[in-house]
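Enquirer: Dropping the structure in here first, questions after.
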Amino acid sequence: MPTHAERRFLPYPPQQLYELVADVQRYPEFLPWCTACRITSRKGNVITADLVIGFKMIRERFTSCVTLSPTERIDVEYTSGPLRYLNNHWVFEPAEGGCVLDFYIDFEFKSRLFQRLAGVVFNEAVRRMVGAFESRARAVCEPVAKLGAPTPLPGAASGD
């Protein structure tokens, strides 16, 4: 039901953005409403994780299967919890000076009440979530422009 898709250029290498999104266990450090995360299994490029989402008096746990396609794509498949379904992906496309991030999320709650509440706050929630990932990228990633700057040689004289 609620669906959000966007493509956005970010001035960071795709590898760094991929690593930021793939680091699921750190989501509670920066993602709004994510209060806890527990990795329950890792098998190759597949992670199974429990996330606890809390907002005011509501606290829900859901389990998802995260498939990592290193540096290119992350797909999230819902396995259990309060949702009927969840479709979510992150695609990291190299671009001059950074990365084009393709983000998509579509989900539906089992509960009609939760679904109605989600419909009311969905756009704001997604905006805050995407903003949280962007803020985290600014904090932990090195912009391509900085990475591409030449490093002075040790002992090289600076131009006076």
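The chains in the structure tokens are called A, B, ... from first to last as shown; in each chain the residues are counted from 1, and the ligands are counted from 1 in the order shown.
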Report the residues of range 16-80 of chain A whose backbone DSSP state falls under strand (DSSP E or B), written as a ChimeraX atom specification.
Expert: /A:34-43,46-55,58-69,73-80
Enquirer: Residues of range 37-96 of chain A that approach range 10-17 of chain A to 8 Å or less, counting only C-alpha atoms: could you list each one with the shortest pair of atoms and its distance in Å to one decimal, rows by chain and increasing residue number, as a Markdown table?
Expert:
| residue | atom | partner | partner_atom | distance |
| --- | --- | --- | --- | --- |
| A:Thr71 | CA | A:Gln15 | CA | 5.0 |
| A:Glu72 | CA | A:Pro14 | CA | 7.6 |
| A:Phe92 | CA | A:Pro14 | CA | 5.5 |
| A:Glu93 | CA | A:Pro14 | CA | 6.6 |
| A:Pro94 | CA | A:Pro14 | CA | 5.9 |
Enquirer: Those residues with N, CA, C and O atoms, as an mmCIF file, in the first residue's frame please?
Expert:
data_model
loop_
_atom_site.group_PDB
_atom_site.id
_atom_site.type_symbol
_atom_site.label_atom_id
_atom_site.label_comp_id
_atom_site.auth_asym_id
_atom_site.auth_seq_id
_atom_site.Cartn_x
_atom_site.Cartn_y
_atom_site.Cartn_z
ATOM 1 N N THR A 71 28.540 -4.222 -3.179
ATOM 2 C CA THR A 71 28.715 -2.911 -3.813
ATOM 3 C C THR A 71 27.630 -2.535 -4.805
ATOM 4 O O THR A 71 27.583 -1.396 -5.232
ATOM 5 N N GLU A 72 26.738 -3.457 -5.178
ATOM 6 C CA GLU A 72 25.745 -3.151 -6.205
ATOM 7 C C GLU A 72 24.324 -2.977 -5.685
ATOM 8 O O GLU A 72 23.614 -2.069 -6.110
ATOM 9 N N PHE A 92 23.029 0.708 -5.865
ATOM 10 C CA PHE A 92 24.126 1.675 -5.817
ATOM 11 C C PHE A 92 24.773 1.738 -7.194
ATOM 12 O O PHE A 92 25.499 0.821 -7.576
ATOM 13 N N GLU A 93 24.499 2.789 -7.947
ATOM 14 C CA GLU A 93 25.007 2.924 -9.310
ATOM 15 C C GLU A 93 26.166 3.917 -9.339
ATOM 16 O O GLU A 93 25.976 5.084 -8.984
ATOM 17 N N PRO A 94 27.355 3.476 -9.749
ATOM 18 C CA PRO A 94 28.484 4.403 -9.840
ATOM 19 C C PRO A 94 28.152 5.547 -10.799
ATOM 20 O O PRO A 94 27.515 5.346 -11.831
#
Enquirer: For each of A:Gln25, A:Gln115, A:Thr40, A:Asn123, take the minimum atom-to-atom distance to Pro82 in chain A, counting only C-alpha atoms, then give the residue where this is smallest.
Expert: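 Among A:Gln25, A:Gln115, A:Thr40, A:Asn123, it is A:Gln115 that comes nearest to Pro82 in chain A.
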Enquirer: For a quick check of understanding, using only C-alpha atoms, which of A:Arg7, A:Pro143, A:Asp50, A:Pro2 has the smallest distance to Val100 in chain A?
Expert: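 With only C-alpha atoms as the atom set, the closest residue is A:Arg7.
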Enquirer: Report, in Å to a single decimal, how far apart CA of Ala137 in chain A and CA of Glu77 in chain A are.
Expert: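 Separation of CA of Glu77 in chain A and CA of Ala137 in chain A: 23.6 Å.
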Enquirer: A:Arg8, A:Arg59, A:Lys146, A:Arg128: which is nearest Pro32 in chain A, counting only C-alpha atoms?
Expert: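 Going through A:Arg8, A:Arg59, A:Lys146, A:Arg128 one by one, the smallest distance to Pro32 in chain A is for A:Arg128.
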Enquirer: Choose the residue, out of A:Phe30, A:Tyr104, A:Phe133, A:Phe109, that has the smallest atom-to-atom separation from Gly81 in chain A; count only C-alpha atoms.
Expert: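 Of the candidates, the smallest distance to Gly81 in chain A is held by A:Phe109.
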Enquirer: What's the 9 Å shell around Thr63 in chain A, counting only C-alpha atoms, without same-chain residues fewer than 4 positions away, as a ChimeraX atom specification?
Expert: /A:48-52,77-81
Enquirer: Emit the selected residues as an mmCIF file, in the first residue's frame, including N, CA, C and O atoms.
Expert:
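What follows is the written file again-v6.cif:
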data_model
loop_
_atom_site.group_PDB
_atom_site.id
_atom_site.type_symbol
_atom_site.label_atom_id
_atom_site.label_comp_id
_atom_site.auth_asym_id
_atom_site.auth_seq_id
_atom_site.Cartn_x
_atom_site.Cartn_y
_atom_site.Cartn_z
ATOM 1 N N THR A 48 19.927 -12.635 8.342
ATOM 2 C CA THR A 48 18.587 -12.607 8.914
ATOM 3 C C THR A 48 18.689 -11.761 10.173
ATOM 4 O O THR A 48 19.581 -11.976 11.005
ATOM 5 N N ALA A 49 17.802 -10.774 10.285
ATOM 6 C CA ALA A 49 17.876 -9.829 11.398
ATOM 7 C C ALA A 49 16.494 -9.539 11.960
ATOM 8 O O ALA A 49 15.505 -9.493 11.217
ATOM 9 N N ASP A 50 16.448 -9.337 13.274
ATOM 10 C CA ASP A 50 15.248 -8.860 13.950
ATOM 11 C C ASP A 50 15.453 -7.384 14.238
ATOM 12 O O ASP A 50 16.473 -7.002 14.826
ATOM 13 N N LEU A 51 14.504 -6.551 13.828
ATOM 14 C CA LEU A 51 14.528 -5.129 14.146
ATOM 15 C C LEU A 51 13.339 -4.820 15.043
ATOM 16 O O LEU A 51 12.248 -5.360 14.829
ATOM 17 N N VAL A 52 13.556 -3.956 16.023
ATOM 18 C CA VAL A 52 12.466 -3.484 16.860
ATOM 19 C C VAL A 52 12.240 -2.024 16.500
ATOM 20 O O VAL A 52 13.162 -1.208 16.544
ATOM 21 N N GLU A 77 13.822 -8.811 2.328
ATOM 22 C CA GLU A 77 12.621 -9.626 2.223
ATOM 23 C C GLU A 77 12.068 -9.822 3.630
ATOM 24 O O GLU A 77 12.774 -10.270 4.536
ATOM 25 N N TYR A 78 10.834 -9.499 3.819
ATOM 26 C CA TYR A 78 10.164 -9.629 5.110
ATOM 27 C C TYR A 78 9.856 -11.090 5.386
ATOM 28 O O TYR A 78 9.404 -11.813 4.500
ATOM 29 N N THR A 79 10.084 -11.538 6.637
ATOM 30 C CA THR A 79 9.773 -12.927 6.960
ATOM 31 C C THR A 79 8.726 -13.086 8.061
ATOM 32 O O THR A 79 7.927 -14.011 7.999
ATOM 33 N N SER A 80 8.729 -12.204 9.087
ATOM 34 C CA SER A 80 7.690 -12.316 10.115
ATOM 35 C C SER A 80 7.552 -11.011 10.886
ATOM 36 O O SER A 80 8.474 -10.211 10.939
ATOM 37 N N GLY A 81 6.378 -10.838 11.493
ATOM 38 C CA GLY A 81 6.093 -9.646 12.278
ATOM 39 C C GLY A 81 4.743 -9.057 11.926
ATOM 40 O O GLY A 81 3.849 -9.779 11.465
#
